[in-house]
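Next comes input21.txt, a file with compact mmCIF, C-alpha atoms.
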# COMPACT_ATOMS: atom_id res chain seq x y z
CA MET A 105 -37.65 -2.50 -34.69
CA ALA A 106 -34.69 -4.63 -35.70
CA GLN A 107 -31.99 -4.86 -33.07
CA GLN A 108 -28.79 -3.12 -34.14
CA GLU A 109 -25.56 -5.06 -34.07
CA GLU A 110 -23.36 -4.06 -31.16
CA LEU A 111 -20.28 -2.26 -32.42
CA PRO A 112 -16.79 -2.46 -30.92
CA ALA A 113 -14.96 0.50 -29.43
CA PRO A 114 -14.20 3.27 -31.94
CA SER A 115 -11.47 2.41 -34.41
CA THR A 116 -8.40 4.63 -34.28
CA ALA A 117 -8.22 4.61 -38.08
CA LEU A 118 -11.90 5.41 -38.57
CA LEU A 119 -11.48 8.49 -36.41
CA THR A 120 -10.28 9.86 -39.73
CA ASP A 121 -12.77 12.32 -41.14
CA HIS A 122 -14.52 11.78 -44.48
CA TYR A 123 -13.02 14.93 -45.96
CA GLU A 124 -9.52 13.66 -45.21
CA LEU A 125 -10.17 10.61 -47.36
CA THR A 126 -11.54 12.92 -50.06
CA MET A 127 -8.23 14.81 -50.04
CA LEU A 128 -6.25 11.59 -49.97
CA ALA A 129 -8.10 10.11 -52.96
CA SER A 130 -7.73 13.33 -54.93
CA ALA A 131 -4.02 13.60 -54.14
CA LEU A 132 -3.42 9.98 -55.13
CA HIS A 133 -5.16 10.48 -58.46
CA GLY A 134 -3.57 13.88 -59.02
CA GLY A 135 -0.03 12.75 -58.32
CA SER A 136 0.62 14.99 -55.30
CA ALA A 137 0.21 12.42 -52.53
CA ASP A 138 3.95 11.90 -52.04
CA ARG A 139 4.91 15.55 -51.75
CA ASP A 140 7.03 16.20 -48.68
CA CYS A 141 4.89 18.21 -46.25
CA VAL A 142 4.97 19.78 -42.82
CA PHE A 143 1.81 20.28 -40.77
CA GLU A 144 1.76 22.20 -37.49
CA VAL A 145 -0.65 22.15 -34.57
CA PHE A 146 -1.01 25.54 -32.92
CA ALA A 147 -3.54 27.93 -31.41
CA ARG A 148 -4.26 31.22 -33.11
CA SER A 149 -5.38 32.47 -29.72
CA LEU A 150 -6.05 31.10 -26.27
CA PRO A 151 -9.63 30.73 -25.03
CA GLU A 152 -10.94 34.18 -24.20
CA GLY A 153 -9.30 35.65 -21.14
CA ARG A 154 -6.97 32.71 -20.49
CA ARG A 155 -3.33 33.49 -19.77
CA PHE A 156 -1.66 30.18 -20.71
CA GLY A 157 -2.38 26.75 -22.15
CA VAL A 158 -1.06 23.38 -21.02
CA VAL A 159 0.16 20.75 -23.49
CA ALA A 160 -1.48 17.40 -22.78
CA GLY A 161 -2.30 14.39 -24.92
CA THR A 162 1.08 13.96 -26.61
CA ALA A 163 1.64 10.43 -25.38
CA ARG A 164 -1.92 9.45 -26.33
CA ALA A 165 -1.50 10.94 -29.80
CA LEU A 166 1.81 9.17 -30.43
CA GLU A 167 0.33 5.85 -29.32
CA ALA A 168 -2.68 6.33 -31.60
CA ILE A 169 -0.48 7.21 -34.57
CA THR A 170 1.72 4.17 -33.99
CA GLU A 171 -1.36 1.92 -33.97
CA PHE A 172 -3.06 3.66 -36.90
CA ARG A 173 -4.07 0.82 -39.23
CA PHE A 174 -7.19 -0.03 -41.24
CA THR A 175 -8.66 -3.50 -40.73
CA ASP A 176 -10.23 -5.48 -43.56
CA ALA A 177 -13.68 -4.80 -42.10
CA GLU A 178 -13.03 -1.08 -41.94
CA LEU A 179 -11.75 -0.98 -45.49
CA ALA A 180 -14.81 -2.90 -46.67
CA HIS A 181 -17.02 -0.32 -44.96
CA ILE A 182 -15.14 2.57 -46.57
CA GLU A 183 -15.53 1.07 -50.02
CA SER A 184 -19.15 -0.08 -49.65
CA ALA A 185 -20.17 3.33 -48.27
CA GLY A 186 -18.67 5.04 -51.28
CA VAL A 187 -16.17 6.96 -49.16
CA ALA A 188 -13.22 5.95 -51.34
CA ASP A 189 -12.58 4.08 -54.56
CA ARG A 190 -10.73 0.80 -54.92
CA SER A 191 -7.30 2.31 -55.60
CA THR A 192 -7.56 4.47 -52.47
CA VAL A 193 -8.74 1.52 -50.41
CA ASP A 194 -5.77 -0.51 -51.65
CA TRP A 195 -3.45 2.32 -50.57
CA LEU A 196 -5.09 2.44 -47.14
CA ALA A 197 -4.64 -1.30 -46.71
CA ASP A 198 -0.87 -0.81 -46.63
CA PHE A 199 -0.92 2.40 -44.60
CA GLU A 200 1.72 2.90 -41.95
CA PHE A 201 2.95 6.27 -40.73
CA THR A 202 6.67 6.61 -41.44
CA GLY A 203 7.21 10.31 -40.80
CA ASP A 204 8.86 12.43 -38.11
CA ILE A 205 7.17 14.42 -35.36
CA ASP A 206 8.55 17.15 -33.13
CA GLY A 207 6.68 19.12 -30.53
CA TYR A 208 6.29 20.54 -27.06
CA PRO A 209 6.63 17.84 -24.39
CA GLU A 210 3.62 17.13 -22.21
CA GLY A 211 3.36 19.41 -19.23
CA GLU A 212 4.83 22.32 -21.20
CA LEU A 213 3.01 25.63 -21.45
CA TYR A 214 1.94 27.03 -24.79
CA PHE A 215 0.82 30.40 -26.09
CA PRO A 216 -0.68 31.75 -29.33
CA GLY A 217 1.37 30.52 -32.26
CA SER A 218 3.38 27.94 -30.32
CA PRO A 219 4.19 24.99 -32.67
CA ILE A 220 3.16 22.35 -30.18
CA PHE A 221 3.06 19.37 -32.61
CA THR A 222 4.83 19.31 -35.99
CA VAL A 223 4.25 16.45 -38.42
CA HIS A 224 6.76 15.93 -41.25
CA ALA A 225 5.64 13.28 -43.75
CA PRO A 226 4.34 12.75 -47.28
CA PHE A 227 1.01 14.57 -47.74
CA ALA A 228 -1.00 11.34 -47.97
CA GLN A 229 0.23 10.17 -44.57
CA ALA A 230 0.07 13.48 -42.74
CA VAL A 231 -3.38 14.50 -43.96
CA LEU A 232 -4.96 11.34 -42.54
CA LEU A 233 -3.90 12.31 -39.01
CA GLU A 234 -5.63 15.69 -38.75
CA THR A 235 -8.87 14.71 -37.01
CA LEU A 236 -7.17 12.14 -34.81
CA VAL A 237 -4.47 14.54 -33.65
CA LEU A 238 -6.82 17.47 -33.11
CA SER A 239 -9.40 15.40 -31.25
CA VAL A 240 -6.74 14.28 -28.77
CA PHE A 241 -5.05 17.64 -28.26
CA ASN A 242 -8.14 19.85 -28.27
CA HIS A 243 -9.68 17.74 -25.54
CA ASP A 244 -6.66 16.99 -23.37
CA CYS A 245 -5.17 20.50 -23.56
CA ALA A 246 -8.53 22.03 -22.62
CA VAL A 247 -8.90 19.77 -19.59
CA ALA A 248 -5.28 20.14 -18.48
CA SER A 249 -5.39 23.94 -18.84
CA ALA A 250 -8.49 24.12 -16.65
CA ALA A 251 -7.07 21.62 -14.16
CA ALA A 252 -3.84 23.61 -13.85
CA ARG A 253 -5.83 26.72 -12.94
CA MET A 254 -7.67 24.71 -10.29
CA SER A 255 -4.46 23.20 -8.91
CA SER A 256 -2.95 26.65 -8.67
CA ALA A 257 -6.03 27.97 -6.89
CA ALA A 258 -6.00 25.07 -4.44
CA LYS A 259 -2.37 25.74 -3.49
CA SER A 260 -1.07 22.61 -1.74
CA ARG A 261 -4.48 21.06 -1.01
CA PRO A 262 -5.24 17.94 -3.06
CA LEU A 263 -7.87 17.76 -5.77
CA ILE A 264 -9.80 14.65 -6.78
CA GLU A 265 -11.15 14.38 -10.35
CA MET A 266 -14.65 12.92 -10.23
CA GLY A 267 -16.27 13.99 -13.51
CA GLY A 268 -16.69 10.65 -15.26
CA ARG A 269 -20.48 11.00 -15.15
CA ARG A 270 -20.37 14.36 -16.84
CA THR A 271 -18.65 13.45 -20.10
CA HIS A 272 -18.37 10.66 -22.67
CA GLU A 273 -17.20 7.34 -21.27
CA TYR A 274 -13.96 7.34 -23.29
CA ALA A 275 -13.34 11.03 -22.74
CA ALA A 276 -13.64 10.43 -19.00
CA VAL A 277 -10.48 8.31 -19.00
CA ALA A 278 -8.52 10.90 -20.99
CA ALA A 279 -9.84 13.69 -18.76
CA ALA A 280 -8.67 11.87 -15.66
CA ARG A 281 -5.20 11.54 -17.17
CA ALA A 282 -5.05 15.21 -18.22
CA SER A 283 -6.23 16.33 -14.78
CA TYR A 284 -3.61 14.23 -13.04
CA LEU A 285 -0.92 15.60 -15.34
CA ALA A 286 -2.03 19.11 -14.36
CA GLY A 287 -1.71 18.50 -10.62
CA PHE A 288 -4.79 16.63 -9.42
CA ALA A 289 -3.92 14.04 -6.79
CA ALA A 290 -6.36 11.30 -7.73
CA THR A 291 -9.36 10.29 -9.83
CA SER A 292 -12.53 8.32 -9.20
CA ASN A 293 -12.16 6.68 -12.64
CA LEU A 294 -11.00 3.10 -12.22
CA GLU A 295 -10.01 2.63 -15.88
CA ALA A 296 -7.72 5.66 -15.65
CA GLY A 297 -6.20 4.08 -12.56
CA ARG A 298 -5.66 0.78 -14.36
CA ARG A 299 -4.36 2.26 -17.60
CA TYR A 300 -2.19 5.10 -16.31
CA GLY A 301 -1.41 4.21 -12.70
CA ILE A 302 -3.28 7.22 -11.33
CA PRO A 303 -4.32 6.90 -7.66
CA THR A 304 -8.07 6.32 -7.33
CA ARG A 305 -10.32 7.60 -4.56
CA GLY A 306 -14.02 7.51 -3.91
CA THR A 307 -16.74 7.48 -1.32
CA VAL A 308 -20.45 6.78 -1.21
CA ALA A 309 -23.23 8.78 -2.87
CA HIS A 310 -26.50 9.99 -1.38
CA ALA A 311 -28.26 6.92 -2.81
CA PHE A 312 -26.27 4.70 -0.44
CA MET A 313 -27.28 6.82 2.52
CA MET A 314 -30.96 6.77 1.57
CA LEU A 315 -30.87 3.02 0.97
CA HIS A 316 -30.57 2.41 4.70
CA ASP A 317 -33.24 2.87 7.34
CA THR A 318 -31.05 5.32 9.24
CA GLU A 319 -27.92 7.35 8.60
CA GLU A 320 -26.21 5.41 11.37
CA ASP A 321 -26.95 2.10 9.63
CA ALA A 322 -25.31 3.43 6.47
CA PHE A 323 -22.23 4.62 8.32
CA ARG A 324 -21.88 1.30 10.15
CA ALA A 325 -22.08 -0.62 6.89
CA GLN A 326 -19.39 1.60 5.38
CA VAL A 327 -17.04 1.20 8.32
CA ALA A 328 -17.61 -2.58 8.34
CA ALA A 329 -16.53 -2.72 4.70
CA LEU A 330 -13.80 -0.10 4.56
CA GLY A 331 -12.60 0.58 8.09
CA THR A 332 -12.45 3.92 9.83
CA ASP A 333 -10.01 5.48 7.35
CA THR A 334 -12.86 6.23 4.97
CA THR A 335 -14.77 9.32 3.89
CA MET A 336 -18.35 9.69 5.10
CA LEU A 337 -20.93 11.76 3.28
CA VAL A 338 -22.61 13.83 6.00
CA ASP A 339 -24.98 16.20 4.17
CA THR A 340 -27.76 13.84 3.07
CA TYR A 341 -30.00 15.08 5.89
CA ASP A 342 -28.63 17.37 8.60
CA ILE A 343 -24.88 18.00 8.51
CA SER A 344 -24.44 18.60 12.22
CA VAL A 345 -26.32 15.45 13.13
CA GLY A 346 -24.45 13.57 10.39
CA ILE A 347 -21.07 14.55 11.81
CA ASP A 348 -22.09 13.55 15.34
CA THR A 349 -23.30 10.18 14.04
CA ALA A 350 -20.20 9.60 11.92
CA ILE A 351 -17.84 10.17 14.83
CA ARG A 352 -19.98 8.06 17.16
CA VAL A 353 -19.80 5.19 14.67
CA ALA A 354 -16.18 5.50 13.48
CA GLY A 355 -14.60 7.25 16.42
CA PRO A 356 -12.26 10.27 16.29
CA GLU A 357 -9.94 8.39 13.93
CA LEU A 358 -12.44 8.76 11.05
CA GLY A 359 -10.50 9.57 7.89
CA ALA A 360 -12.68 12.31 6.42
CA ILE A 361 -16.14 13.73 5.95
CA ARG A 362 -17.49 15.07 2.65
CA ILE A 363 -19.83 18.01 2.14
CA ASP A 364 -21.45 18.07 -1.29
CA SER A 365 -24.03 20.87 -1.12
CA GLY A 366 -24.93 24.22 0.36
CA ASP A 367 -22.59 27.08 1.19
CA VAL A 368 -19.60 24.80 1.50
CA GLY A 369 -17.32 27.51 2.91
CA VAL A 370 -19.55 28.22 5.88
CA LEU A 371 -20.39 24.56 6.31
CA ALA A 372 -16.72 23.56 6.23
CA ARG A 373 -15.92 26.07 8.95
CA GLN A 374 -18.75 24.80 11.14
CA ALA A 375 -17.78 21.20 10.45
CA ARG A 376 -14.17 21.81 11.42
CA GLU A 377 -15.22 23.36 14.73
CA GLN A 378 -17.60 20.48 15.44
CA LEU A 379 -15.04 17.80 14.55
CA ASP A 380 -12.44 19.44 16.78
CA SER A 381 -14.92 19.61 19.65
CA LEU A 382 -15.55 15.88 19.24
CA GLY A 383 -11.82 15.12 19.39
CA ALA A 384 -11.61 14.31 15.67
CA ARG A 385 -8.89 16.84 14.97
CA ASP A 386 -7.27 14.70 12.28
CA THR A 387 -10.49 14.00 10.40
CA ARG A 388 -10.27 15.83 7.09
CA VAL A 389 -12.98 17.99 5.53
CA ILE A 390 -13.53 17.37 1.82
CA VAL A 391 -15.90 19.51 -0.22
CA SER A 392 -17.42 18.93 -3.65
CA GLY A 393 -20.40 20.08 -5.67
CA ASP A 394 -20.06 22.22 -8.81
CA LEU A 395 -16.61 23.54 -7.93
CA ASP A 396 -14.42 25.38 -10.44
CA GLU A 397 -11.19 27.35 -10.08
CA HIS A 398 -13.02 30.47 -8.91
CA ALA A 399 -14.96 28.60 -6.24
CA ILE A 400 -11.79 26.85 -5.10
CA ALA A 401 -9.95 30.17 -4.85
CA ALA A 402 -12.82 31.59 -2.78
CA LEU A 403 -12.38 28.71 -0.31
CA ARG A 404 -8.67 29.31 0.32
CA ALA A 405 -9.28 30.78 3.77
CA GLU A 406 -11.65 28.02 4.83
CA PRO A 407 -10.61 24.83 6.68
CA VAL A 408 -10.99 22.61 3.63
CA ASP A 409 -8.49 19.78 3.29
CA ALA A 410 -9.32 18.56 -0.22
CA PHE A 411 -11.63 19.30 -3.15
CA GLY A 412 -13.65 17.00 -5.37
CA VAL A 413 -14.16 18.45 -8.85
CA GLY A 414 -16.37 16.99 -11.56
CA THR A 415 -18.20 18.80 -14.34
CA SER A 416 -15.98 21.85 -14.51
CA VAL A 417 -12.68 20.08 -15.02
CA VAL A 418 -13.82 17.50 -17.59
CA THR A 419 -15.47 20.23 -19.68
CA GLY A 420 -12.52 22.63 -19.58
CA SER A 421 -14.21 25.01 -17.13
CA GLY A 422 -15.94 27.03 -19.80
CA ALA A 423 -13.41 26.29 -22.55
CA PRO A 424 -14.24 22.73 -23.70
CA THR A 425 -11.84 22.91 -26.64
CA ALA A 426 -8.38 24.40 -26.89
CA ASN A 427 -9.20 25.71 -30.40
CA LEU A 428 -6.05 24.17 -31.83
CA VAL A 429 -5.67 23.84 -35.60
CA TYR A 430 -3.62 21.52 -37.85
CA LYS A 431 -2.29 23.47 -40.79
CA LEU A 432 -0.04 22.76 -43.76
CA VAL A 433 2.92 25.14 -43.56
CA GLU A 434 5.48 23.66 -45.94
CA VAL A 435 5.49 21.66 -49.21
CA ASN A 436 8.71 20.25 -50.70
CA GLY A 437 10.75 22.56 -48.49
CA LYS A 438 8.87 25.72 -49.51
CA PRO A 439 6.69 27.69 -47.07
CA VAL A 440 2.98 27.82 -47.85
CA THR A 441 0.58 30.26 -46.23
CA LYS A 442 -3.17 30.44 -45.75
CA ARG A 443 -4.43 33.99 -46.28
CA SER A 444 -8.13 33.63 -45.43
CA GLU A 445 -9.37 36.61 -43.42
CA HIS A 446 -9.01 36.02 -39.64
CA LYS A 447 -7.53 32.57 -40.33
CA GLU A 448 -4.09 33.50 -41.55
CA SER A 449 -1.18 31.16 -40.93
CA ARG A 450 2.55 31.69 -41.02
CA GLY A 451 4.34 29.58 -43.58
CA GLY A 452 7.36 27.37 -43.02
CA ARG A 453 8.37 24.89 -40.38
CA LYS A 454 9.00 26.53 -37.01
CA SER A 455 10.65 26.05 -33.68
CA ALA A 456 10.52 28.14 -30.51
CA VAL A 457 12.78 29.54 -27.84
CA ARG A 458 11.43 30.68 -24.50
CA ARG A 459 13.44 33.56 -23.09
CA LEU A 460 13.86 33.62 -19.33
CA LYS A 461 15.19 36.19 -16.90
CA SER A 462 18.07 35.23 -14.65
CA THR A 463 15.47 34.66 -11.93
CA GLY A 464 13.86 31.93 -14.06
CA THR A 465 10.79 34.01 -14.92
CA ALA A 466 9.63 33.67 -18.52
CA ARG A 467 9.46 36.92 -20.46
CA GLU A 468 8.64 35.97 -24.06
CA GLU A 469 8.37 33.11 -26.52
CA VAL A 470 10.20 33.51 -29.83
CA VAL A 471 8.68 31.43 -32.66
CA HIS A 472 11.15 31.28 -35.54
CA PRO A 473 11.86 29.40 -38.79
CA ALA A 474 13.23 25.98 -37.86
CA GLY A 475 16.51 26.53 -39.66
CA GLU A 476 17.13 30.04 -38.35
CA ALA A 477 17.52 29.72 -34.60
CA PRO A 478 18.03 33.02 -32.76
CA SER A 479 20.86 33.49 -30.35
CA THR A 480 20.05 32.22 -26.90
CA GLY A 481 21.02 33.39 -23.47
CA PRO A 482 22.20 31.19 -20.59
CA HIS A 483 18.68 30.85 -19.20
CA ASP A 484 16.71 30.48 -22.45
CA GLN A 485 15.02 27.20 -23.39
CA VAL A 486 14.49 25.56 -26.78
CA VAL A 487 10.98 24.24 -26.30
CA PRO A 488 10.22 21.62 -29.01
CA THR A 489 11.84 18.23 -28.85
CA ALA A 490 11.92 15.11 -31.03
CA LEU A 491 8.87 12.90 -30.45
CA MET A 492 8.85 10.42 -33.34
CA ARG A 493 11.35 9.36 -35.95
CA GLY A 494 10.58 7.12 -38.91
CA GLY A 495 7.12 6.44 -37.58
CA ARG A 496 8.31 5.26 -34.17
CA PRO A 497 8.32 7.15 -30.86
CA VAL A 498 11.79 8.18 -29.76
CA ASP A 499 13.36 6.66 -26.68
CA ASP A 500 13.08 8.35 -23.29
CA LEU A 501 9.78 10.13 -23.86
CA SER A 502 8.41 11.83 -20.77
CA THR A 503 6.48 9.68 -18.34
CA LEU A 504 3.27 10.97 -16.81
CA GLU A 505 5.17 11.78 -13.62
CA ASP A 506 7.80 13.64 -15.64
CA SER A 507 5.05 15.71 -17.22
CA ARG A 508 3.50 16.55 -13.84
CA ASN A 509 6.86 17.74 -12.58
CA ARG A 510 7.52 19.74 -15.76
CA LEU A 511 4.24 21.60 -15.48
CA ARG A 512 4.85 22.36 -11.83
CA THR A 513 8.17 23.96 -12.80
CA ARG A 514 6.71 25.85 -15.76
CA LEU A 515 3.91 27.37 -13.71
CA VAL A 516 6.49 28.71 -11.27
CA SER A 517 8.27 30.35 -14.23
CA LEU A 518 5.26 32.47 -15.18
CA PRO A 519 5.18 36.14 -14.21
CA TRP A 520 3.06 36.55 -11.09
CA GLU A 521 0.09 37.91 -13.03
CA GLY A 522 0.12 34.81 -15.25
CA LEU A 523 -1.58 32.74 -12.56
CA LYS A 524 -4.37 35.22 -11.91
CA LEU A 525 -7.82 33.80 -12.55
CA SER A 526 -9.24 37.05 -13.84
CA ARG A 527 -9.45 37.55 -17.59
CA GLY A 528 -6.29 38.85 -19.14
CA GLU A 529 -3.79 38.63 -21.98
CA PRO A 530 -1.38 35.68 -22.38
CA ALA A 531 1.14 35.59 -19.55
CA ILE A 532 4.06 36.07 -21.94
CA ALA A 533 4.12 37.53 -25.43
CA THR A 534 4.74 35.47 -28.54
CA VAL A 535 7.30 37.06 -30.86
CA PHE A 536 7.60 35.79 -34.42
CA GLY A 537 11.16 35.90 -35.70
Could you take the file, read its structure, and then write that structure out as structure tokens?
Amino acid sequence: MAQQEELPAPSTALLTDHYELTMLASALHGGSADRDCVFEVFARSLPEGRRFGVVAGTARALEAITEFRFTDAELAHIESAGVADRSTVDWLADFEFTGDIDGYPEGELYFPGSPIFTVHAPFAQAVLLETLVLSVFNHDCAVASAAARMSSAAKSRPLIEMGGRRTHEYAAVAAARASYLAGFAATSNLEAGRRYGIPTRGTVAHAFMMLHDTEEDAFRAQVAALGTDTTMLVDTYDISVGIDTAIRVAGPELGAIRIDSGDVGVLARQAREQLDSLGARDTRVIVSGDLDEHAIAALRAEPVDAFGVGTSVVTGSGAPTANLVYKLVEVNGKPVTKRSEHKESRGGRKSAVRRLKSTGTAREEVVHPAGEAPSTGPHDQVVPTALMRGGRPVDDLSTLEDSRNRLRTRLVSLPWEGLKLSRGEPAIATVFG
């Protein structure tokens, strides 16, 4: 079998879908490519039973749009594969997004119908962005929404994202970012640490323990390399013996132990008692192993100091996509509406006001035509903000830390039932004005 040529990382431009180029070519030939259009990203509904969604991925989407260019090699592939004709390829060669974008800032909550990302540009430019924009938001919003539920369930105890082995290698970096935005304290993903400045944490796996002739040998090697402020994995063999050995090797100043299997609630309780009896009162107990928000909530009463979460958070904890759509709502200033059964859309460019009680509790979200803002009270918030003008991101966009703080504030604004993990309706109603 002939060896395949190794390909570079995925091209931002070639994340465009084939059908988008079909629409582009047809619009160019039909004379409608330059029509002034507005596309909106929104959810018709939240994943079943969820009470809120979290906006994440905005900064990644804006960066990708800014860098959206077709290389000569990519254009040659498009033409040779018969994806587009020469005139379309020539148009793509000069492509640069020059439109405006408004939307919900990262760390904001969203509900059914919320216009979380609004693209205003000629049809030919805006239509090319659909797959790119949706791939970013559907992934990042799903992860952040799940992570926020986990952070809420954990209360003040830190969470470590460690799901890089349970998703695609590129998605792992984005998932680490979305989890951190939603309240996780750290990630095991080193690229996410390098790229986004997220704190990284990690300890050994069972393979390291089994590599050594004895558990004690493994612990001594770890302490020799990392010092006593490390986390020792104590459940490879017998947890009780493992804890005794860990404290004998590292002393009562050992940073933490990790339990990765079994009934972690019971085991954490027993471990805490044993550590205290050995004088290791400051040694933390970290648990991991197939945790989700429900398991974390069930451990609230147990002496667990931190949680390691993998598969559940990077796959959206049962909702791996946010089910967001990217729909044309306005052409040359006139509203357009899709009427397909169960897939209806509301025409016209929109904005939104979130109405709050004097206590700061949100009570409803009013989605209204962009040019017809409703009256607002002293506590109400206009949610969308300018994100891009003339194809360039605006100044003073939220940093990742800003977004973390925003989400923390927004979660506090939800009615008390909005943070319940049981299935329910959206925490606040969406009203269309």
Discussion item. Show me the residues around (-25.3, 13.2, 9.8) - criterion: an atom at most 10 Å away, all atoms listed in the file counted - as a list in words.
Written reply: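 The requested residues, written out, are Met313, Thr318, Glu319, Glu320, Phe323, Met336, Leu337, Val338, Asp339, Thr340, Tyr341, Asp342, Ile343, Ser344, Val345, Gly346, Ile347, Asp348, Thr349, Ala350, Ile351 and Ile361 of chain A.
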Worksheet item: What is the distance between CA of Arg453 (chain A) and CA of Ile220 (chain A), in Å to one decimal?
Response: 11.7 Å
Practice prompt. Could you jot down the CA of Thr271 (chain A) to CA of Ala168 (chain A) separation for me, Å, one decimal place?
Written response: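 Straight-line distance from CA of Thr271 (chain A) to CA of Ala168 (chain A) works out to 20.9 Å.
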Fill in: Local residues around (-15.0, 27.2, -23.3), at most 12 Å away, using all atoms listed in the file, as a ChimeraX atom specification
/A:150-154,242-243,245-247,249-250,416-427
8 Å contact set for Ser455 (chain A), all atoms listed in the file, chain neighbours under 5 positions out, as a PDB file with C-alpha atoms, in the frame of the given file:
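What ended up in selection_8.pdb:
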ATOM      1  CA  PRO A 219       4.190  24.990 -32.670  1.00  0.00           C
ATOM      2  CA  VAL A 471       8.680  31.430 -32.660  1.00  0.00           C
ATOM      3  CA  HIS A 472      11.150  31.280 -35.540  1.00  0.00           C
ATOM      4  CA  PRO A 473      11.860  29.400 -38.790  1.00  0.00           C
ATOM      5  CA  ALA A 474      13.230  25.980 -37.860  1.00  0.00           C
ATOM      6  CA  ALA A 477      17.520  29.720 -34.600  1.00  0.00           C
ATOM      7  CA  VAL A 486      14.490  25.560 -26.780  1.00  0.00           C
ATOM      8  CA  VAL A 487      10.980  24.240 -26.300  1.00  0.00           C
ATOM      9  CA  PRO A 488      10.220  21.620 -29.010  1.00  0.00           C
TER      10      PRO A 488
END
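Atom pair CA of Leu232 (chain A) / CA of Leu125 (chain A): separated by 7.1 Å.
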Coordinates of box centre and edge lengths for region 315-332 of chain A, 6 Å on every side, axis-aligned, as JSON:
{"center_x": -22.8, "center_y": 2.3, "center_z": 6.2, "size_x": 32.8, "size_y": 22.1, "size_z": 22.4}
Worksheet item: Which one of A:Gln485, A:Thr334, A:Ser479, A:Thr126 sits closest to Arg467 (chain A) if you count all atoms listed in the file?
Response: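 Counting all atoms listed in the file, the residue closest to Arg467 (chain A) is A:Gln485.
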Worksheet entry | Using all atoms listed in the file: which of A:Trp520, A:Tyr274, A:Tyr208, A:Tyr430 has the shortest distance to Ala456 (chain A) |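 Smallest separation from Ala456 (chain A) among the options: A:Tyr208.
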Discussion item. Using all atoms listed in the file for the distances, tell me which of A:Gly211, A:Gly494, A:Gly297, A:Gly203 is nearest to Asp506 (chain A).
Written reply: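 For Asp506 (chain A), the nearest of the candidates is A:Gly211.
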Fill in: Residue nearest Ala165 (chain A) - candidates A:Asp121, A:Asp244, A:Glu212, A:Glu178, atoms counted: all atoms listed in the file
A:Asp244
Worksheet entry | Given all atoms listed in the file as the counted atoms, nearest of A:Ala147, A:Ala225, A:Leu196, A:Leu518 to Arg493 (chain A) |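 Of the candidates, the smallest distance to Arg493 (chain A) is held by A:Ala225.
For the set A:Arg404, A:Arg508, A:Arg362, A:Arg164, the residue with the smallest atom-to-atom gap to Val389 (chain A) is A:Arg362, counting only C-alpha atoms.
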